[in-house]
Amino acid sequence: MGKIQILPESIVGKIAAGEVVERPASVVKELIENSIDAGANSISVYIKNFGIAEIKVIDDGEGIASEDVLLAFQRHATSKIKDDRDLIRISSLGFRGEALYSIARVSKIKIITQHITENTGTEAYFVAGTLKWQKPAVTKGTTIQITDLFFNTPVRRKFLKSSYTEKAHIIETFQNYCVAYPEISFSLFIDEEEILNIPRADTIYERVLQIFGSEIVETLKFKTISKDYYKIELFIGEKPKEKYKKLQLIFVNRRPVREQSIVSTIYKAFKLNYPQFLIFITVPPQDVDFNVHPAKKEVRFRNCQKIHQLIFKMAEFQYKSSMVAEETVQWQADSSYLEQISVFSADSAEFEFLNLGDSIVVVKQPQGVIFLDYHAAHERVNFEKILNKMKEKIAKLVFPVIVNLSSDDYVLIKENLQMLQELGIEAHDFGKNSIIIRAVPEIIQYADIAGIIESIAVTIKEEIDKPDFIEIKRKIAATIACHSSLRANDRINCFEIKALLQELKKTSDPDHCPHGRPIKKFFSINEIKKWFSR
Ligand SMILES: Nc1ncnc2c1ncn2[C@@H]1O[C@H](COP(=O)(O)OP(=O)(O)OP(=O)(O)O)[C@@H](O)[C@H]1O
Ligand SMILES: [Mg+2]
């Protein structure tokens, strides 16, 4: 007897839903896209219990005609394409008619909508995709309220990450559309708290400013290039090193996407160590295929080469203008620095060192020389002190520090105040995306506390999938150590070097900084002699 059978519709729906609705943020993405396609000027999103209890999206778009409401929840039901010619020049965000169908299968949905040309609208309620009731209603635009997400797919629910990971994904998704659609006003509420509320803006520049703040935007340069209906707009800069948060966003025809080849081209073309960028690529709709990923997160370009060439062209312009000047200045500074190399000596001949700049010193020892990275050495020493007695010596801050954070970092930090407490940082929620710090381990009381908190948020985000708290604590201690350690430009004297070398000996790994980079290299006199065949 044959064993192949056609799956019942109820199972097919759940499988499809798995592809489109991976997590609460996917629902947010699909609903926002629908609102944008409906021509909304304003979109509000409400989340409860990281999207599991409720996701509600309210828009003021064109609404759905009464006769179409039930159709919208059927598979492959879309108003956006009609034939295969439309499919190759898609200008809307949606096109498969699958999102509402898939979401409905794994949740309970209430929709209230009214088409702009009609006098009455519709309210309807579905459970697992089945219509439970429907009645006339009067409204403007569309409100879709999803409750009890994944109630009938418990395994998927179980596979969700922690609540703050899911929230961070939601905020990130939300922000991406805010960036791409400055002409729309957006607001986001999570558990009744306003996370973001941004009025419409006239330009992408203004919107980027609204979302990321002037401190970040000032580090970015704006560049644009266009050729044969291809256009690239780029905000690019070097990430301030002490702030690890990565900002690298790619939009293709206003759709946020992941595209590794573009990231690597930007690295290659601009030759920056830690580039941060927002790139907006506009190509004719027929030259790009979004139909390669179930959640449309990836793209295939017809002419990938062209995009890469344009990015390289932009980078060339940059070298011809400002960068050349910057490089020259840098070079001059370096050479004059070389002339100033100084040999200090303390305790007579016993302690001589040569400062090579960039935190490297060469220290004379009885048996040879040590090349020492004093920033890395200090990091190791501080790291162990912090890790071991983080809570031993706490300094109450006379002037508490208020740290303003991006919305996603704010959520993460707020949920981890207890962990900060364990690290000796007394922090409290201060509302409106800010945290107040009242006490810190003594060792960091004069350090850049805001920078430390931001880096901690990044660390928590990176480690979130591996709930290894010891590792998180180690990473946070490393971050704090890095922030509170001597910098390349800090002056160091022979006494400090001596003390540092002594302290270093007491640590568990005097050869590596907490990030794993080497701290020192010793060359014995005998080894050096061999270089000269002696
Ligand atoms: N907020 C909304 N305002 C107006 N119409 C909507 C809204 N949401 C959905 N619709 C209508 O319902 C249809 C089905 O939506 P759905 O998201 O399932 O499919 P789609 O957007 O056409 O394609 P995709 O599955 O790629 O998102 C849409 O084509 C649109 O006509
Ligand atoms: Mg859609």
# chains A, B, ... in the order shown; residues from 1 in each chain; ligands from 1
>>> closest_atom_pairs(of="chain A", to="ligand 1", cutoff="6 Å", atoms="only C-alpha atoms and all ligand atoms", output="Markdown table")
| residue | atom | partner | partner_atom_place_in_ligand_line | distance |
| --- | --- | --- | --- | --- |
| A:Glu30 | CA | ligand 1 | 27 (O) | 6.0 |
| A:Asn34 | CA | ligand 1 | 8 (N) | 4.5 |
| A:Ser35 | CA | ligand 1 | 1 (N) | 4.1 |
| A:Ala38 | CA | ligand 1 | 4 (C) | 4.7 |
| A:Gly61 | CA | ligand 1 | 3 (N) | 5.7 |
| A:Glu62 | CA | ligand 1 | 4 (C) | 5.7 |
| A:Gly63 | CA | ligand 1 | 4 (C) | 4.1 |
| A:Ile64 | CA | ligand 1 | 5 (N) | 4.8 |
| A:Ala72 | CA | ligand 1 | 12 (O) | 4.2 |
| A:Ala77 | CA | ligand 1 | 14 (C) | 5.7 |
| A:Thr78 | CA | ligand 1 | 29 (O) | 3.5 |
| A:Ser79 | CA | ligand 1 | 29 (O) | 4.0 |
| A:Lys80 | CA | ligand 1 | 29 (O) | 5.3 |
| A:Gly94 | CA | ligand 1 | 26 (O) | 3.4 |
| A:Phe95 | CA | ligand 1 | 26 (O) | 3.9 |
| A:Arg96 | CA | ligand 1 | 26 (O) | 3.8 |
| A:Gly97 | CA | ligand 1 | 19 (O) | 3.2 |
| A:Glu98 | CA | ligand 1 | 25 (O) | 3.5 |
| A:Ala99 | CA | ligand 1 | 18 (O) | 3.8 |
| A:Leu100 | CA | ligand 1 | 18 (O) | 3.7 |
| A:Tyr101 | CA | ligand 1 | 18 (O) | 5.6 |
| A:Thr142 | CA | ligand 1 | 1 (N) | 5.1 |
>>> select_by_dssp(residues="stretch 71-314 of chain A", states="strand (DSSP E)", output="JSON, numbers by chain")
{"A": [108, 109, 110, 111, 112, 113, 114, 121, 122, 123, 124, 125, 126, 127, 130, 131, 132, 133, 134, 135, 136, 137, 141, 142, 143, 144, 145, 146, 147, 185, 186, 187, 188, 189, 190, 193, 194, 195, 196, 197, 198, 221, 222, 223, 224, 225, 226, 227, 230, 231, 232, 233, 234, 235, 236, 237, 238, 248, 249, 250, 251, 252, 255, 256, 257, 275, 276, 277, 278, 279, 280, 281, 282, 288, 289, 300, 301]}
>>> write_last_selection(atoms="C-alpha atoms", output="short mmCIF file (atom, residue, chain, number, x, y, z; two decimals), in the first residue's frame")
data_model
loop_
_atom_site.label_atom_id
_atom_site.label_comp_id
_atom_site.auth_asym_id
_atom_site.auth_seq_id
_atom_site.Cartn_x
_atom_site.Cartn_y
_atom_site.Cartn_z
CA LYS A 108 -6.54 34.60 17.31
CA ILE A 109 -7.16 37.68 15.16
CA LYS A 110 -9.59 40.52 15.37
CA ILE A 111 -9.78 42.91 12.44
CA ILE A 112 -11.66 46.18 12.24
CA THR A 113 -11.45 47.88 8.88
CA GLN A 114 -13.31 50.18 6.56
CA GLY A 121 -16.73 48.73 7.63
CA THR A 122 -16.33 45.27 9.10
CA GLU A 123 -15.25 43.73 12.34
CA ALA A 124 -14.35 40.03 12.32
CA TYR A 125 -12.77 37.49 14.66
CA PHE A 126 -10.83 34.37 13.68
CA VAL A 127 -9.42 31.57 15.82
CA THR A 130 -11.56 29.92 11.30
CA LEU A 131 -14.06 32.78 11.23
CA LYS A 132 -15.89 32.93 14.58
CA TRP A 133 -18.05 35.98 14.05
CA GLN A 134 -18.36 39.06 11.89
CA LYS A 135 -20.37 42.28 12.18
CA PRO A 136 -20.53 45.77 10.65
CA ALA A 137 -18.41 48.47 12.24
CA GLY A 141 -8.22 52.59 8.28
CA THR A 142 -7.44 49.16 9.66
CA THR A 143 -6.80 47.78 13.12
CA ILE A 144 -5.51 44.25 13.42
CA GLN A 145 -5.22 42.71 16.85
CA ILE A 146 -3.46 39.39 17.25
CA THR A 147 -3.80 37.60 20.58
CA SER A 185 4.63 58.77 11.60
CA PHE A 186 5.21 55.74 13.82
CA SER A 187 4.66 54.88 17.44
CA LEU A 188 5.49 51.78 19.43
CA PHE A 189 4.17 50.82 22.84
CA ILE A 190 5.42 47.80 24.74
CA GLU A 193 4.96 52.01 27.79
CA GLU A 194 5.81 54.33 24.92
CA ILE A 195 9.05 53.11 23.39
CA LEU A 196 9.18 55.25 20.26
CA ASN A 197 6.96 58.00 18.99
CA ILE A 198 8.20 59.69 15.88
CA LYS A 221 29.01 61.12 6.13
CA PHE A 222 26.33 61.16 3.49
CA LYS A 223 27.13 60.07 -0.06
CA THR A 224 25.01 59.40 -3.06
CA ILE A 225 25.55 58.14 -6.58
CA SER A 226 23.21 57.25 -9.43
CA LYS A 227 23.49 55.71 -12.85
CA TYR A 230 20.22 52.73 -10.15
CA LYS A 231 20.67 54.94 -7.13
CA ILE A 232 22.60 54.45 -3.93
CA GLU A 233 22.37 56.67 -0.89
CA LEU A 234 24.80 55.92 1.87
CA PHE A 235 25.46 57.14 5.39
CA ILE A 236 28.86 55.86 6.39
CA GLY A 237 31.39 56.36 9.13
CA GLU A 238 33.86 54.64 11.36
CA GLN A 248 24.76 48.29 9.53
CA LEU A 249 21.48 48.51 7.70
CA ILE A 250 20.69 47.70 4.10
CA PHE A 251 17.53 48.69 2.29
CA VAL A 252 16.67 47.69 -1.24
CA ARG A 255 12.79 47.05 2.06
CA PRO A 256 15.13 46.09 4.90
CA VAL A 257 17.21 43.11 3.79
CA PRO A 275 32.24 50.69 9.39
CA GLN A 276 28.80 51.76 10.39
CA PHE A 277 26.42 52.47 7.64
CA LEU A 278 22.91 52.75 6.36
CA ILE A 279 22.69 52.03 2.67
CA PHE A 280 19.60 52.68 0.57
CA ILE A 281 19.71 50.99 -2.83
CA THR A 282 17.08 51.83 -5.41
CA VAL A 288 15.47 42.65 -8.23
CA ASP A 289 13.76 39.51 -6.95
CA ARG A 300 18.59 38.52 -5.70
CA PHE A 301 19.80 41.23 -8.03
#
>>> select_by_dssp(residues="stretch 86-333 of chain A", states="helix (DSSP H, G or I)", output="MDAnalysis selection string")
chainID A and resid 86:87 99:105 154:158 163:180 204:217 260:270 285:287 304:333
>>> residues_around(residues="A:Phe430", least_positions_apart="5", cutoff="10 Å", atoms="only C-alpha atoms", output="ChimeraX atom specification")
/A:402-404,414,435-437
>>> decode(residues="stretch 97-132 of chain A", atoms="N, CA and C atoms", output="CSV table (one decimal), in the first residue's frame")
chain,number,residue,atom,x,y,z
A,97,GLY,N,0.2,37.2,-0.8
A,97,GLY,CA,-1.1,36.9,-0.2
A,97,GLY,C,-1.1,35.8,0.8
A,98,GLU,N,0.0,35.8,1.6
A,98,GLU,CA,0.2,34.7,2.5
A,98,GLU,C,0.3,35.1,3.9
A,99,ALA,N,0.6,36.4,4.2
A,99,ALA,CA,0.9,36.8,5.5
A,99,ALA,C,-0.3,36.7,6.5
A,100,LEU,N,-1.4,37.3,6.1
A,100,LEU,CA,-2.6,37.2,7.0
A,100,LEU,C,-3.0,35.8,7.2
A,101,TYR,N,-3.0,35.0,6.1
A,101,TYR,CA,-3.4,33.6,6.2
A,101,TYR,C,-2.5,32.9,7.2
A,102,SER,N,-1.2,33.1,7.1
A,102,SER,CA,-0.3,32.4,7.9
A,102,SER,C,-0.4,32.8,9.4
A,103,ILE,N,-0.5,34.1,9.6
A,103,ILE,CA,-0.6,34.6,11.0
A,103,ILE,C,-1.9,34.1,11.7
A,104,ALA,N,-3.0,34.1,10.9
A,104,ALA,CA,-4.3,33.7,11.4
A,104,ALA,C,-4.3,32.2,11.9
A,105,ARG,N,-3.5,31.4,11.1
A,105,ARG,CA,-3.4,30.0,11.5
A,105,ARG,C,-2.9,29.7,12.9
A,106,VAL,N,-2.0,30.6,13.3
A,106,VAL,CA,-1.3,30.3,14.6
A,106,VAL,C,-1.7,31.3,15.7
A,107,SER,N,-2.9,31.9,15.6
A,107,SER,CA,-3.2,32.9,16.6
A,107,SER,C,-4.7,33.2,16.6
A,108,LYS,N,-5.1,34.1,17.4
A,108,LYS,CA,-6.5,34.6,17.3
A,108,LYS,C,-6.5,36.0,16.8
A,109,ILE,N,-7.3,36.3,15.8
A,109,ILE,CA,-7.2,37.7,15.2
A,109,ILE,C,-8.5,38.4,15.2
A,110,LYS,N,-8.4,39.7,15.6
A,110,LYS,CA,-9.6,40.5,15.4
A,110,LYS,C,-9.2,41.6,14.4
A,111,ILE,N,-10.1,41.8,13.4
A,111,ILE,CA,-9.8,42.9,12.4
A,111,ILE,C,-11.0,43.9,12.4
A,112,ILE,N,-10.6,45.2,12.4
A,112,ILE,CA,-11.7,46.2,12.2
A,112,ILE,C,-11.2,47.0,11.1
A,113,THR,N,-11.9,47.1,10.1
A,113,THR,CA,-11.4,47.9,8.9
A,113,THR,C,-12.6,48.5,8.1
A,114,GLN,N,-12.3,49.6,7.4
A,114,GLN,CA,-13.3,50.2,6.6
A,114,GLN,C,-12.6,50.8,5.4
A,115,HIS,N,-13.1,50.5,4.2
A,115,HIS,CA,-12.5,51.0,3.0
A,115,HIS,C,-12.9,52.5,2.8
A,116,ILE,N,-12.0,53.3,2.3
A,116,ILE,CA,-12.2,54.8,2.3
A,116,ILE,C,-13.5,55.1,1.4
A,117,THR,N,-13.8,54.2,0.5
A,117,THR,CA,-15.0,54.6,-0.3
A,117,THR,C,-16.3,54.1,0.2
A,118,GLU,N,-16.3,53.4,1.4
A,118,GLU,CA,-17.5,52.8,1.9
A,118,GLU,C,-18.0,53.5,3.2
A,119,ASN,N,-19.2,53.4,3.5
A,119,ASN,CA,-19.8,54.1,4.7
A,119,ASN,C,-19.7,53.2,6.0
A,120,THR,N,-19.7,52.0,5.8
A,120,THR,CA,-19.5,51.1,6.9
A,120,THR,C,-18.4,50.1,6.7
A,121,GLY,N,-17.8,49.7,7.7
A,121,GLY,CA,-16.7,48.7,7.6
A,121,GLY,C,-17.1,47.4,8.2
A,122,THR,N,-16.1,46.6,8.6
A,122,THR,CA,-16.3,45.3,9.1
A,122,THR,C,-15.5,45.0,10.3
A,123,GLU,N,-16.0,44.2,11.2
A,123,GLU,CA,-15.2,43.7,12.3
A,123,GLU,C,-15.4,42.2,12.3
A,124,ALA,N,-14.3,41.5,12.4
A,124,ALA,CA,-14.4,40.0,12.3
A,124,ALA,C,-13.3,39.4,13.3
A,125,TYR,N,-13.7,38.2,13.7
A,125,TYR,CA,-12.8,37.5,14.7
A,125,TYR,C,-12.5,36.1,14.2
A,126,PHE,N,-11.2,35.7,14.1
A,126,PHE,CA,-10.8,34.4,13.7
A,126,PHE,C,-10.0,33.7,14.8
A,127,VAL,N,-10.3,32.4,14.9
A,127,VAL,CA,-9.4,31.6,15.8
A,127,VAL,C,-8.8,30.5,15.0
A,128,ALA,N,-7.5,30.4,15.0
A,128,ALA,CA,-6.7,29.5,14.2
A,128,ALA,C,-7.2,29.5,12.7
A,129,GLY,N,-7.5,30.6,12.2
A,129,GLY,CA,-7.9,30.8,10.8
A,129,GLY,C,-9.3,30.6,10.5
A,130,THR,N,-10.1,30.2,11.5
A,130,THR,CA,-11.6,29.9,11.3
A,130,THR,C,-12.4,31.1,11.8
A,131,LEU,N,-13.2,31.6,10.9
A,131,LEU,CA,-14.1,32.8,11.2
A,131,LEU,C,-15.0,32.4,12.4
A,132,LYS,N,-15.0,33.2,13.5
A,132,LYS,CA,-15.9,32.9,14.6
A,132,LYS,C,-17.1,33.8,14.5
